[in-house]
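Participant: What follows is a structure written as structure tokens; I'll ask about it next.
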Amino acid sequence: MSTIETIVEDLRYLPKDRFAAAAEVIHKMREDYLAERNRIIDETAGSMSEAEAAVFQEALTESRRVDAN
């Protein structure tokens with residue numbers, strides 16, 4: 001079972017009144033991730049060549065793909 005499937009399965013066992021709390025935690029984690037990502041991008045802006053930036057962007061895109069396994 002994939003990580004996402006495990007999380008969804010865990011959510012199925014929660015009472016419906018806990019869904020909002022779970023959603024808040026997940027949303028905060030996403031917001032924290034995006035803030036950290038943007039901070040790192042801001043700190044490193046201009047430190048790569050255009051070719052290096054293209055390779056980095058491709059690596060970021062690949063890292064965000066969800067593996068169904």
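Chains: A, B, ... in order of the structure tokens. Residues: from 1 per chain. Ligands: from 1, in order shown.
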Apply DSSP to the structure's backbone, then extract all residues of region 28-69 of chain A labelled helix (DSSP H, G or I) and return them as a ChimeraX atom specification.

Facilitator: /A:28-44,50-63

Participant: Output N, CA, C and O atoms for every residue in the selection just made, as a short mmCIF file (atom, residue, chain, number, x, y, z; two decimals), in the first residue's frame.

Facilitator:
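Heads up, here's the output in result_4.cif:
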data_model
loop_
_atom_site.label_atom_id
_atom_site.label_comp_id
_atom_site.auth_asym_id
_atom_site.auth_seq_id
_atom_site.Cartn_x
_atom_site.Cartn_y
_atom_site.Cartn_z
N LYS A 28 -1.72 23.10 6.86
CA LYS A 28 -0.58 23.78 7.48
C LYS A 28 0.74 23.19 7.01
O LYS A 28 1.69 23.92 6.73
N MET A 29 0.80 21.86 6.89
CA MET A 29 2.02 21.22 6.39
C MET A 29 2.33 21.69 4.97
O MET A 29 3.48 21.98 4.64
N ARG A 30 1.29 21.79 4.14
CA ARG A 30 1.48 22.25 2.76
C ARG A 30 1.95 23.70 2.74
O ARG A 30 2.89 24.04 2.01
N GLU A 31 1.32 24.55 3.53
CA GLU A 31 1.71 25.95 3.58
C GLU A 31 3.15 26.11 4.09
O GLU A 31 3.92 26.91 3.55
N ASP A 32 3.52 25.34 5.12
CA ASP A 32 4.89 25.39 5.64
C ASP A 32 5.88 24.93 4.57
O ASP A 32 6.95 25.54 4.41
N TYR A 33 5.53 23.88 3.86
CA TYR A 33 6.40 23.38 2.78
C TYR A 33 6.59 24.46 1.71
O TYR A 33 7.72 24.72 1.29
N LEU A 34 5.49 25.08 1.28
CA LEU A 34 5.60 26.10 0.24
C LEU A 34 6.38 27.31 0.72
O LEU A 34 7.18 27.88 -0.05
N ALA A 35 6.19 27.71 1.96
CA ALA A 35 6.95 28.85 2.50
C ALA A 35 8.44 28.54 2.54
O ALA A 35 9.27 29.38 2.16
N GLU A 36 8.80 27.34 2.99
CA GLU A 36 10.21 26.93 3.03
C GLU A 36 10.79 26.86 1.62
O GLU A 36 11.90 27.33 1.37
N ARG A 37 10.02 26.29 0.70
CA ARG A 37 10.47 26.19 -0.69
C ARG A 37 10.71 27.58 -1.27
O ARG A 37 11.75 27.83 -1.90
N ASN A 38 9.77 28.49 -1.05
CA ASN A 38 9.93 29.85 -1.58
C ASN A 38 11.10 30.57 -0.93
O ASN A 38 11.81 31.33 -1.60
N ARG A 39 11.32 30.34 0.37
CA ARG A 39 12.46 30.95 1.05
C ARG A 39 13.76 30.47 0.41
O ARG A 39 14.66 31.27 0.13
N ILE A 40 13.86 29.19 0.18
CA ILE A 40 15.07 28.62 -0.42
C ILE A 40 15.27 29.17 -1.83
O ILE A 40 16.40 29.54 -2.21
N ILE A 41 14.20 29.25 -2.58
CA ILE A 41 14.30 29.80 -3.95
C ILE A 41 14.77 31.25 -3.89
O ILE A 41 15.65 31.66 -4.66
N ASP A 42 14.19 32.04 -2.99
CA ASP A 42 14.60 33.44 -2.86
C ASP A 42 16.07 33.56 -2.47
O ASP A 42 16.79 34.42 -2.99
N GLU A 43 16.52 32.70 -1.56
CA GLU A 43 17.91 32.77 -1.10
C GLU A 43 18.90 32.35 -2.17
O GLU A 43 20.05 32.79 -2.15
N THR A 44 18.48 31.48 -3.06
CA THR A 44 19.41 30.97 -4.08
C THR A 44 19.19 31.57 -5.46
O THR A 44 19.88 31.21 -6.41
N GLU A 50 21.54 29.26 -16.40
CA GLU A 50 20.26 28.88 -17.00
C GLU A 50 20.17 27.37 -17.22
O GLU A 50 19.12 26.76 -16.97
N ALA A 51 21.27 26.75 -17.63
CA ALA A 51 21.28 25.29 -17.84
C ALA A 51 21.10 24.54 -16.53
O ALA A 51 20.35 23.56 -16.45
N GLU A 52 21.79 25.00 -15.48
CA GLU A 52 21.64 24.38 -14.16
C GLU A 52 20.22 24.53 -13.65
O GLU A 52 19.65 23.59 -13.07
N ALA A 53 19.63 25.69 -13.88
CA ALA A 53 18.25 25.93 -13.44
C ALA A 53 17.28 25.00 -14.15
O ALA A 53 16.34 24.49 -13.54
N ALA A 54 17.50 24.73 -15.43
CA ALA A 54 16.63 23.82 -16.18
C ALA A 54 16.71 22.41 -15.62
O ALA A 54 15.69 21.74 -15.45
N VAL A 55 17.91 21.96 -15.31
CA VAL A 55 18.09 20.62 -14.72
C VAL A 55 17.42 20.57 -13.35
O VAL A 55 16.74 19.60 -13.01
N PHE A 56 17.60 21.60 -12.56
CA PHE A 56 16.99 21.67 -11.23
C PHE A 56 15.47 21.65 -11.32
O PHE A 56 14.80 20.93 -10.58
N GLN A 57 14.92 22.41 -12.24
CA GLN A 57 13.46 22.46 -12.42
C GLN A 57 12.93 21.08 -12.80
O GLN A 57 11.91 20.64 -12.29
N GLU A 58 13.62 20.38 -13.67
CA GLU A 58 13.20 19.03 -14.06
C GLU A 58 13.25 18.09 -12.86
O GLU A 58 12.35 17.27 -12.67
N ALA A 59 14.28 18.21 -12.02
CA ALA A 59 14.38 17.38 -10.82
C ALA A 59 13.23 17.67 -9.86
O ALA A 59 12.65 16.76 -9.26
N LEU A 60 12.86 18.95 -9.71
CA LEU A 60 11.73 19.31 -8.86
C LEU A 60 10.43 18.70 -9.39
O LEU A 60 9.65 18.13 -8.63
N THR A 61 10.24 18.81 -10.68
CA THR A 61 9.03 18.25 -11.29
C THR A 61 8.97 16.75 -11.07
O THR A 61 7.93 16.21 -10.69
N GLU A 62 10.06 16.08 -11.27
CA GLU A 62 10.12 14.62 -11.08
C GLU A 62 9.86 14.25 -9.62
O GLU A 62 9.17 13.28 -9.34
N SER A 63 10.39 15.03 -8.69
CA SER A 63 10.23 14.71 -7.26
C SER A 63 8.79 14.87 -6.80
O SER A 63 8.41 14.29 -5.79
#

Participant: Please report the interatomic distance between CA of Met48 (chain A) and CA of Arg65 (chain A) in Å with one decimal.

Facilitator: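 CA of Arg65 (chain A) lies at a distance of 23.7 Å from CA of Met48 (chain A).
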
Participant: Can you pull out the residues contacting region 5-13 of chain A? Cut-off 9 Å, using only C-alpha atoms, and skip same-chain residues under 4 positions away; I want them as a list in words.

Facilitator: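 Contacts, with the query itself left out: Met1, Arg18, Phe19, Ala22 and Ala68 of chain A.
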
Participant: Emit the selected residues as a PDB file, in the first residue's frame, including C-alpha atoms.

Facilitator:
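Just written: out-v9.pdb:
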ATOM      1  CA  MET A   1       0.000   0.000   0.000  1.00  0.00           C
ATOM      2  CA  ARG A  18     -12.282  14.995  13.061  1.00  0.00           C
ATOM      3  CA  PHE A  19     -12.007  15.634   9.309  1.00  0.00           C
ATOM      4  CA  ALA A  22      -7.059  16.589   9.850  1.00  0.00           C
ATOM      5  CA  ALA A  68       1.358   4.714  -7.195  1.00  0.00           C
TER       6      ALA A  68
END
